[in-house]
file protein.txt (compact mmCIF, C-alpha atoms)
# COMPACT_ATOMS: atom_id res chain seq x y z
CA MET A 1 -15.49 -1.67 18.08
CA LYS A 2 -15.45 -3.64 14.87
CA THR A 3 -12.23 -5.15 13.60
CA LYS A 4 -12.31 -3.17 10.38
CA GLU A 5 -12.76 0.13 12.19
CA ILE A 6 -9.87 -0.55 14.53
CA LEU A 7 -7.62 -1.43 11.61
CA LYS A 8 -8.58 1.64 9.61
CA GLN A 9 -8.09 3.91 12.59
CA SER A 10 -4.69 2.57 13.57
CA ILE A 11 -3.31 2.47 10.02
CA PHE A 12 -4.56 5.77 8.64
CA THR A 13 -6.36 8.23 10.87
CA ASP A 14 -4.10 7.72 13.87
CA ASN A 15 -0.94 6.76 12.02
CA SER A 16 1.72 6.60 14.70
CA ILE A 17 4.54 8.28 12.83
CA CYS A 18 2.71 11.01 10.95
CA ARG A 19 -0.12 11.89 13.29
CA GLN A 20 1.38 11.21 16.70
CA ILE A 21 5.10 11.66 15.95
CA LEU A 22 6.08 8.42 17.63
CA GLY A 23 8.77 5.97 16.67
CA ILE A 24 10.77 8.44 14.64
CA CYS A 25 14.21 7.18 15.65
CA SER A 26 14.16 3.85 13.94
CA ALA A 27 12.00 5.18 11.13
CA LEU A 28 14.79 7.46 10.03
CA ALA A 29 17.69 5.14 10.61
CA VAL A 30 16.69 2.11 8.58
CA THR A 31 15.12 3.84 5.60
CA ASN A 32 18.18 4.03 3.39
CA LEU A 33 17.19 0.75 1.70
CA MET A 34 13.74 -0.68 0.93
CA MET A 35 14.74 -4.15 2.10
CA ASN A 36 15.83 -2.93 5.54
CA SER A 37 12.62 -0.97 5.95
CA LEU A 38 10.50 -3.97 5.02
CA VAL A 39 12.23 -6.24 7.53
CA MET A 40 12.10 -3.57 10.22
CA GLY A 41 8.41 -2.99 9.51
CA LEU A 42 7.62 -6.69 9.80
CA GLY A 43 9.55 -6.83 13.05
CA VAL A 44 7.56 -3.95 14.48
CA ILE A 45 4.24 -5.47 13.35
CA PHE A 46 5.16 -8.71 15.08
CA THR A 47 6.21 -6.95 18.28
CA THR A 48 3.32 -4.51 18.58
CA ALA A 49 0.73 -7.17 17.76
CA LEU A 50 1.96 -9.84 20.15
CA SER A 51 2.99 -7.55 22.97
CA SER A 52 -0.36 -5.72 22.83
CA TYR A 53 -2.07 -9.10 22.91
CA THR A 54 -0.05 -10.35 25.88
CA ILE A 55 -0.34 -7.11 27.82
CA SER A 56 -4.06 -7.06 27.27
CA LEU A 57 -4.35 -10.68 28.44
CA ILE A 58 -2.71 -9.96 31.77
CA ARG A 59 -4.01 -6.40 32.20
CA ASP A 60 -6.27 -7.33 35.10
CA TYR A 61 -3.52 -9.05 37.05
CA THR A 62 -0.71 -6.48 36.79
CA PRO A 63 -0.54 -3.90 39.58
CA ARG A 64 -0.51 -0.38 38.17
CA SER A 65 2.73 0.59 39.88
CA VAL A 66 4.87 -2.00 38.12
CA ARG A 67 3.04 -2.10 34.82
CA MET A 68 5.70 -0.16 32.89
CA MET A 69 8.34 -2.67 33.91
CA VAL A 70 6.11 -5.61 33.02
CA GLN A 71 5.33 -4.12 29.63
CA THR A 72 8.98 -3.47 28.88
CA LEU A 73 9.93 -7.01 29.79
CA ILE A 74 7.19 -8.48 27.58
CA ILE A 75 8.25 -6.29 24.66
CA ALA A 76 11.92 -7.14 25.22
CA SER A 77 11.17 -10.86 25.10
CA TYR A 78 9.49 -10.57 21.71
CA VAL A 79 12.30 -8.43 20.36
CA ILE A 80 14.84 -11.04 21.46
CA ILE A 81 12.89 -13.61 19.44
CA ILE A 82 13.06 -11.39 16.34
CA ASP A 83 16.75 -10.72 16.87
CA ILE A 84 17.63 -14.39 17.16
CA PHE A 85 15.42 -15.24 14.18
CA LEU A 86 17.11 -12.63 11.98
CA LYS A 87 20.59 -13.68 13.08
CA ALA A 88 19.83 -17.29 12.20
CA PHE A 89 18.05 -16.87 8.88
CA PHE A 90 19.05 -13.46 7.48
CA PRO A 91 22.53 -12.71 8.87
CA ASP A 92 23.23 -10.00 6.25
CA ILE A 93 20.13 -8.00 7.06
CA SER A 94 20.71 -8.50 10.75
CA ARG A 95 24.17 -7.00 10.38
CA SER A 96 23.04 -4.00 8.36
CA LEU A 97 20.20 -3.24 10.78
CA GLY A 98 22.67 -3.52 13.63
CA PRO A 99 21.42 -2.21 16.94
CA TYR A 100 18.17 -0.94 15.48
CA VAL A 101 16.47 -4.31 15.91
CA GLY A 102 17.12 -4.07 19.63
CA LEU A 103 15.87 -0.53 19.58
CA ILE A 104 12.36 -1.78 18.77
CA ILE A 105 12.10 -2.17 22.56
CA THR A 106 12.34 1.55 23.12
CA ASN A 107 10.28 2.31 20.03
CA CYS A 108 7.61 4.57 21.40
CA ILE A 109 4.96 3.04 19.14
CA VAL A 110 5.03 -0.32 20.88
CA MET A 111 4.91 1.25 24.32
CA GLY A 112 2.36 3.81 23.17
CA ARG A 113 -0.06 1.19 21.90
CA ALA A 114 0.39 -0.86 25.06
CA GLU A 115 -0.43 2.14 27.23
CA ALA A 116 -3.13 3.73 25.13
CA PHE A 117 -4.99 0.73 23.79
CA ALA A 118 -4.04 -2.65 25.24
CA GLN A 119 -4.52 -1.51 28.85
CA LYS A 120 -8.22 -0.93 28.29
CA ASN A 121 -9.31 -3.31 25.55
CA LYS A 122 -9.94 -7.00 24.92
CA PRO A 123 -6.98 -9.16 23.84
CA PHE A 124 -8.24 -9.74 20.30
CA ASP A 125 -8.95 -6.06 19.66
CA SER A 126 -5.50 -5.21 20.99
CA LEU A 127 -3.94 -7.73 18.63
CA ILE A 128 -5.71 -6.11 15.67
CA ASP A 129 -4.76 -2.64 16.86
CA GLY A 130 -1.12 -3.73 17.18
CA VAL A 131 -1.12 -5.16 13.66
CA GLY A 132 -2.69 -1.96 12.34
CA SER A 133 -0.19 0.34 14.04
CA GLY A 134 2.63 -1.83 12.76
CA ILE A 135 1.30 -1.70 9.21
CA GLY A 136 0.91 2.07 9.42
CA TYR A 137 4.51 2.33 10.61
CA MET A 138 5.73 0.07 7.82
CA LEU A 139 3.88 2.06 5.14
CA VAL A 140 5.54 5.29 6.19
CA LEU A 141 8.93 3.57 6.32
CA LEU A 142 8.47 2.19 2.83
CA VAL A 143 7.48 5.58 1.42
CA ILE A 144 10.60 7.22 2.87
CA ALA A 145 12.81 4.34 1.81
CA PHE A 146 11.34 4.44 -1.70
CA VAL A 147 12.37 8.06 -2.15
CA ARG A 148 15.77 7.59 -0.55
CA GLU A 149 16.79 4.41 -2.33
CA LEU A 150 15.46 5.50 -5.72
CA PHE A 151 17.33 8.80 -5.72
CA GLY A 152 20.28 7.70 -3.64
CA PHE A 153 21.19 4.46 -5.41
CA GLY A 154 18.92 4.42 -8.48
CA SER A 155 17.50 1.09 -7.36
CA LEU A 156 14.57 -0.46 -5.49
CA PHE A 157 14.97 -3.56 -3.31
CA GLY A 158 18.49 -3.78 -4.74
CA PHE A 159 17.33 -3.96 -8.39
CA LYS A 160 18.55 -1.24 -10.71
CA ILE A 161 15.60 0.83 -11.85
CA LEU A 162 17.25 3.91 -13.24
CA GLY A 163 19.88 3.27 -15.91
CA ASP A 164 23.52 4.21 -15.99
CA TRP A 165 22.66 7.77 -16.96
CA TRP A 166 21.47 8.36 -13.41
CA THR A 167 23.93 10.06 -11.10
CA PRO A 168 23.14 8.90 -7.55
CA TRP A 169 22.40 11.72 -5.17
CA SER A 170 24.73 10.74 -2.39
CA ILE A 171 23.03 13.25 -0.12
CA MET A 172 19.94 11.01 -0.10
CA VAL A 173 21.92 8.27 1.60
CA MET A 174 23.25 10.64 4.22
CA ALA A 175 21.50 11.21 7.49
CA SER A 176 20.28 14.73 6.83
CA ARG A 177 18.12 13.74 3.88
CA ALA A 178 16.02 11.44 6.02
CA PHE A 179 14.98 14.42 8.12
CA PHE A 180 13.91 16.37 5.04
CA VAL A 181 11.91 13.52 3.50
CA LEU A 182 10.05 12.77 6.73
CA GLY A 183 9.53 16.47 7.45
CA LEU A 184 8.00 17.06 4.03
CA LEU A 185 5.85 13.92 4.33
CA ILE A 186 4.44 15.01 7.68
CA TRP A 187 3.81 18.48 6.29
CA TYR A 188 1.93 17.05 3.30
CA ILE A 189 -0.22 14.79 5.46
CA ASN A 190 -1.00 17.56 7.94
CA TYR A 191 -1.84 19.88 5.08
CA ARG A 192 -4.22 17.35 3.53
CA SER A 193 -5.98 16.73 6.80
CA LEU A 194 -6.52 20.41 7.64
CA PRO A 195 -10.17 21.37 7.68
CA LYS A 196 -11.05 22.99 4.38
CA GLN A 197 -11.60 26.71 4.72
CA ALA A 198 -14.32 28.37 2.75
CA MET B 1 42.11 -1.80 17.35
CA GLU B 2 42.84 0.74 20.02
CA ILE B 3 41.35 4.20 19.64
CA ASN B 4 42.18 6.98 22.03
CA SER B 5 39.27 7.54 24.40
CA PHE B 6 39.50 11.28 23.96
CA VAL B 7 39.10 10.86 20.21
CA ILE B 8 35.97 8.81 20.81
CA PHE B 9 34.67 11.49 23.14
CA ILE B 10 35.14 14.28 20.58
CA ALA B 11 33.85 12.16 17.71
CA ALA B 12 30.71 11.25 19.64
CA ILE B 13 29.94 14.94 20.11
CA PHE B 14 30.60 16.18 16.60
CA THR B 15 31.28 13.78 13.76
CA SER B 16 28.97 10.96 14.74
CA ASN B 17 26.46 12.92 16.77
CA ILE B 18 24.03 10.45 18.22
CA LEU B 19 21.00 12.45 17.18
CA LEU B 20 22.02 13.87 13.84
CA THR B 21 23.66 10.79 12.37
CA ASN B 22 22.16 7.89 14.30
CA PHE B 23 18.70 9.35 14.88
CA LEU B 24 18.51 8.24 18.50
CA GLY B 25 16.35 10.02 21.02
CA MET B 26 14.18 11.71 18.43
CA CYS B 27 10.83 11.40 20.22
CA SER B 28 11.64 13.46 23.27
CA TYR B 29 13.86 15.70 21.13
CA LEU B 30 10.91 16.73 18.98
CA SER B 31 8.40 17.12 21.77
CA ILE B 32 10.55 18.96 24.32
CA SER B 33 12.45 21.32 22.05
CA LYS B 34 9.71 23.98 22.11
CA ASP B 35 11.04 25.23 25.41
CA MET B 36 14.65 26.26 25.97
CA GLU B 37 14.71 25.63 29.71
CA ALA B 38 13.14 22.21 29.49
CA SER B 39 15.54 21.29 26.69
CA ALA B 40 18.51 22.21 28.83
CA GLY B 41 17.11 20.18 31.75
CA LEU B 42 16.43 17.10 29.68
CA GLY B 43 19.76 17.41 27.91
CA MET B 44 21.63 17.53 31.21
CA ALA B 45 19.69 14.52 32.47
CA VAL B 46 20.51 12.56 29.31
CA PHE B 47 24.18 13.45 29.61
CA PHE B 48 24.26 12.36 33.24
CA VAL B 49 22.43 9.09 32.77
CA LEU B 50 24.29 8.17 29.58
CA THR B 51 27.69 8.57 31.18
CA PHE B 52 26.81 6.22 34.02
CA THR B 53 24.68 3.65 32.23
CA SER B 54 27.25 3.10 29.49
CA GLY B 55 29.76 2.17 32.18
CA LEU B 56 27.30 0.06 34.16
CA ASN B 57 26.08 -1.79 31.10
CA TYR B 58 29.65 -2.46 30.06
CA LEU B 59 30.29 -4.11 33.42
CA ALA B 60 27.01 -6.02 33.30
CA TYR B 61 27.74 -7.30 29.82
CA HIS B 62 31.36 -8.31 30.23
CA TYR B 63 31.31 -9.54 33.83
CA ILE B 64 27.85 -11.07 34.10
CA LEU B 65 26.42 -11.97 30.72
CA VAL B 66 29.53 -13.17 28.90
CA PRO B 67 30.81 -15.53 31.66
CA LEU B 68 27.34 -16.97 32.13
CA ASN B 69 26.81 -17.37 28.40
CA LEU B 70 23.62 -15.34 28.50
CA VAL B 71 24.50 -12.78 25.85
CA TYR B 72 21.09 -13.12 24.18
CA LEU B 73 19.52 -11.63 27.30
CA GLN B 74 21.43 -8.38 26.82
CA TYR B 75 18.33 -6.35 25.86
CA ILE B 76 16.48 -7.26 29.04
CA ILE B 77 19.49 -6.70 31.27
CA PHE B 78 20.29 -3.32 29.71
CA ILE B 79 16.72 -2.12 30.11
CA ILE B 80 16.64 -3.22 33.73
CA VAL B 81 19.99 -1.58 34.49
CA ILE B 82 18.85 1.67 32.91
CA ALA B 83 15.47 1.68 34.67
CA ALA B 84 17.02 0.81 38.02
CA PHE B 85 19.73 3.44 37.66
CA VAL B 86 17.24 6.14 36.79
CA GLN B 87 15.10 5.26 39.82
CA LEU B 88 18.13 5.29 42.07
CA LEU B 89 19.37 8.56 40.68
CA GLU B 90 15.96 10.10 41.29
CA LEU B 91 16.05 9.04 44.94
CA VAL B 92 19.61 10.26 45.47
CA ILE B 93 19.05 13.63 43.84
CA GLU B 94 15.85 14.16 45.78
CA ARG B 95 17.65 13.41 49.03
CA PHE B 96 20.78 15.47 48.54
CA SER B 97 19.96 18.28 46.18
CA PRO B 98 16.32 19.38 46.14
CA VAL B 99 17.19 22.28 43.84
CA LEU B 100 18.64 19.99 41.23
CA TYR B 101 15.71 17.63 41.75
CA TYR B 102 13.19 20.31 40.87
CA SER B 103 14.99 21.27 37.70
CA LEU B 104 15.88 17.74 36.61
CA GLY B 105 13.31 15.60 38.38
CA ILE B 106 10.42 15.62 35.96
CA PHE B 107 12.69 14.58 33.11
CA LEU B 108 14.18 11.54 34.76
CA PRO B 109 11.24 9.15 34.20
CA LEU B 110 11.19 10.19 30.55
CA ILE B 111 14.78 9.04 30.21
CA THR B 112 14.02 5.36 30.70
CA VAL B 113 12.18 5.24 27.40
CA ASN B 114 14.64 7.48 25.59
CA CYS B 115 16.13 5.32 22.87
CA ALA B 116 19.41 7.22 23.00
CA ILE B 117 20.33 5.67 26.33
CA PHE B 118 19.56 2.15 25.24
CA GLY B 119 21.04 2.63 21.77
CA ILE B 120 24.38 3.81 23.12
CA SER B 121 24.71 0.65 25.20
CA LEU B 122 24.07 -1.44 22.10
CA PHE B 123 26.52 0.51 19.94
CA MET B 124 29.16 0.20 22.63
CA ILE B 125 28.83 -3.60 22.63
CA ILE B 126 28.81 -3.86 18.83
CA ARG B 127 31.91 -1.68 18.49
CA ASN B 128 33.82 -3.61 21.17
CA TYR B 129 34.86 -0.64 23.26
CA THR B 130 36.91 -1.01 26.42
CA PHE B 131 35.58 0.27 29.75
CA ILE B 132 37.20 3.70 29.51
CA GLN B 133 36.21 4.04 25.87
CA SER B 134 32.61 3.18 26.73
CA ILE B 135 32.41 5.90 29.34
CA ALA B 136 34.01 8.41 26.97
CA PHE B 137 31.54 7.37 24.29
CA GLY B 138 28.57 7.70 26.66
CA ALA B 139 29.65 11.12 27.94
CA GLY B 140 30.41 12.40 24.45
CA SER B 141 27.10 11.20 23.08
CA GLY B 142 25.27 12.82 25.97
CA LEU B 143 26.99 16.15 25.32
CA GLY B 144 26.26 15.81 21.61
CA TRP B 145 22.59 15.24 22.35
CA LEU B 146 22.52 18.24 24.67
CA LEU B 147 24.14 20.35 21.98
CA ALA B 148 21.65 19.27 19.32
CA ILE B 149 18.54 19.85 21.44
CA LEU B 150 19.78 23.27 22.60
CA ALA B 151 20.49 24.26 19.02
CA LEU B 152 17.03 23.20 17.88
CA ALA B 153 15.34 24.90 20.83
CA GLY B 154 17.25 28.09 20.05
CA ILE B 155 16.30 28.02 16.38
CA ARG B 156 12.67 27.18 17.11
CA GLY B 157 12.47 30.14 19.44
CA LYS B 158 13.27 32.40 16.50
CA VAL B 159 10.89 30.80 14.00
CA ARG B 160 7.68 32.72 13.63
CA GLU B 161 5.05 30.02 13.41
CA LYS B 162 2.50 32.24 11.68
CA MET B 163 4.76 32.78 8.68
CA LEU B 164 5.04 29.06 7.93
CA PRO B 165 2.99 27.30 5.26
CA LYS B 166 -0.17 25.67 6.59
CA GLY B 167 0.34 22.38 8.40
CA MET B 168 4.07 22.86 8.77
CA ASN B 169 4.11 24.12 12.36
CA ASN B 170 5.46 21.64 14.94
CA ALA B 171 6.99 18.39 13.85
CA ALA B 172 7.48 19.08 10.17
CA ILE B 173 9.44 22.29 10.62
CA SER B 174 11.51 20.79 13.44
CA LEU B 175 12.50 17.88 11.22
CA ILE B 176 13.49 20.19 8.40
CA ILE B 177 15.55 22.39 10.74
CA THR B 178 17.20 19.23 12.07
CA GLY B 179 17.99 18.20 8.51
CA ILE B 180 19.77 21.48 7.89
CA MET B 181 21.63 21.08 11.20
CA ALA B 182 22.70 17.59 10.15
CA LEU B 183 24.01 19.03 6.88
CA ALA B 184 26.02 21.57 8.84
CA PHE B 185 27.44 18.85 11.07
CA ILE B 186 28.74 17.03 7.98
CA GLY B 187 31.29 19.81 7.97
CA PHE B 188 32.87 18.23 11.04
CA SER B 189 33.37 14.87 9.37
CA GLY B 190 36.98 14.17 8.63
CA VAL B 191 38.19 15.94 11.76
CA VAL B 192 38.19 12.67 13.65
CA ILE B 193 36.96 9.32 12.42
CA ILE B 194 35.65 6.43 14.45
CA GLN B 195 33.45 3.56 13.51
call {"tool": "encode", "arguments": {"input": "protein.txt", "output": "structure tokens"}}
result
Amino acid sequence: MKTKEILKQSIFTDNSICRQILGICSALAVTNLMMNSLVMGLGVIFTTALSSYTISLIRDYTPRSVRMMVQTLIIASYVIIIDIFLKAFFPDISRSLGPYVGLIITNCIVMGRAEAFAQKNKPFDSLIDGVGSGIGYMLVLLVIAFVRELFGFGSLFGFKILGDWWTPWSIMVMASRAFFVLGLLIWYINYRSLPKQA
Amino acid sequence: MEINSFVIFIAAIFTSNILLTNFLGMCSYLSISKDMEASAGLGMAVFFVLTFTSGLNYLAYHYILVPLNLVYLQYIIFIIVIAAFVQLLELVIERFSPVLYYSLGIFLPLITVNCAIFGISLFMIIRNYTFIQSIAFGAGSGLGWLLAILALAGIRGKVREKMLPKGMNNAAISLIITGIMALAFIGFSGVVIIQ
């Protein structure tokens, strides 16, 4: 497969969140602010890309029976790197993301890509596929965060966009709103991709 | 700060429900909730595993990692503890209660990758709970998760899929139902408060 095809497939046609309903947990939890979503998205891109690459490199040497454990350990190592990096350079963001950085390990996207793609493909292709899945994940996160931060705080990336006349919808910041926004988004995407009926 | 363990237990079920306010364990929640029986089985398994792993991870963290100064390895240790416990539990249940094994067995492997289990261990460390508090927190969260998945499975059983707008059947409608459930659970907030 060509690089471009792999990228296009993993970002759009097989988008992990919308098409395969994977990785929902963290997608909902960090999307109250754009900044958090961006950092989380970058973290997931880094993890999926490098863990897919590593898993693909050693795919011929890992016995099938222990492969889940090996994959988890590889993923966990990369997540620890991200966690330490964030704590050292962006302590504020690290605190507001809290345990959700660690939860990248159990993010089904990372594991899903490792199982579905990296097990059977060349290291470089797996790297590209990981990057693509990560970008697809980040795009969805940013869309949800855009809606929630704009209506919930009247700002984007912490900058005020809507003036003082705007009354923040505090419900947008609450947990339940995240479910609605993601539910409607998935509905819209499914609706668009339905085969057109004559 | 000392909070009564019972308060933590109740709060973990209602006011800070692990699924409806912290969004943990969504993947299996969405995919299993079509079927009432399977939901009950998975919910029980989550409750069981959560209660034990929160205690085990507490011990591992405070008696192994902290003295050895290896706190940054917590993710790996937690995952290993959870995976090992689930394997062990599977063996024990198979040996002593075949009936329980057949109703619970297929869900146990799924649990290892359920983010709720792992997330609870992380929350427990961040919030500095004591041993008893951790177990109360784990058990409460497990019950809360069970409650949420049973509620969704019950509601989804009543939804007539054909009446929905096109493209809204599975995940989309489940998320919207969950949103409404989360709104309803806001009603509990203020009864007990933990953070």
call {"tool": "closest_residue", "arguments": {"input": "protein.txt", "among": "A:Thr54, A:Ser133, A:Thr106, A:Thr3", "to": "chain B", "atoms": "only C-alpha atoms"}}
result
A:Thr106
call {"tool": "atom_distance", "arguments": {"input": "protein.txt", "atom1": "CA of Leu156 in chain A", "atom2": "CA of Leu185 in chain A"}}
result
19.5 Å
call {"tool": "interface_residues", "arguments": {"input": "protein.txt", "of": "chain A", "to": "chain B", "cutoff": "7 Å", "atoms": "only C-alpha atoms", "output": "list in words"}}
result
Leu22, Gly23, Ile24, Cys25, Leu28, Ala29, Leu73, Ala76, Pro99, Gly102, Leu103, Thr106, Ala175, Ser176, Arg177, Phe179, Phe180, Gly183, Leu184, Ile186, Trp187, Asn190 and Tyr191 of chain A
call {"tool": "atom_distance", "arguments": {"input": "protein.txt", "atom1": "CA of Ser52 in chain A", "atom2": "CA of Ser193 in chain A"}}
result
28.2 Å
call {"tool": "atom_distance", "arguments": {"input": "protein.txt", "atom1": "CA of Ile135 in chain A", "atom2": "CA of Val44 in chain A"}}
result
8.5 Å
call {"tool": "closest_residue", "arguments": {"input": "protein.txt", "among": "A:Leu86, A:Leu150, A:Ala27, A:Ile45", "to": "Gly98 in chain A", "atoms": "all atoms listed in the file"}}
result
A:Leu86
call {"tool": "closest_residue", "arguments": {"input": "protein.txt", "among": "B:Met36, B:Val159, B:Val81, B:Ala153", "to": "Leu56 in chain B", "atoms": "all atoms listed in the file"}}
result
B:Val81
call {"tool": "closest_residue", "arguments": {"input": "protein.txt", "among": "A:Gly134, A:Leu141, A:Asp83, A:Gly112", "to": "Arg95 in chain A", "atoms": "only C-alpha atoms"}}
result
A:Asp83
call {"tool": "closest_atom_pairs", "arguments": {"input": "protein.txt", "of": "range 32-80 of chain B", "to": "range 96-102 of chain B", "cutoff": "12 Å", "atoms": "all atoms listed in the file", "output": "tab-separated table"}}
result
residue	atom	partner	partner_atom	distance
B:Ala38	CA	B:Tyr102	CA	11.5
B:Gly41	CA	B:Leu100	CA	9.6
B:Met44	CA	B:Leu100	CA	10.7
B:Ala45	CA	B:Leu100	CA	10.4
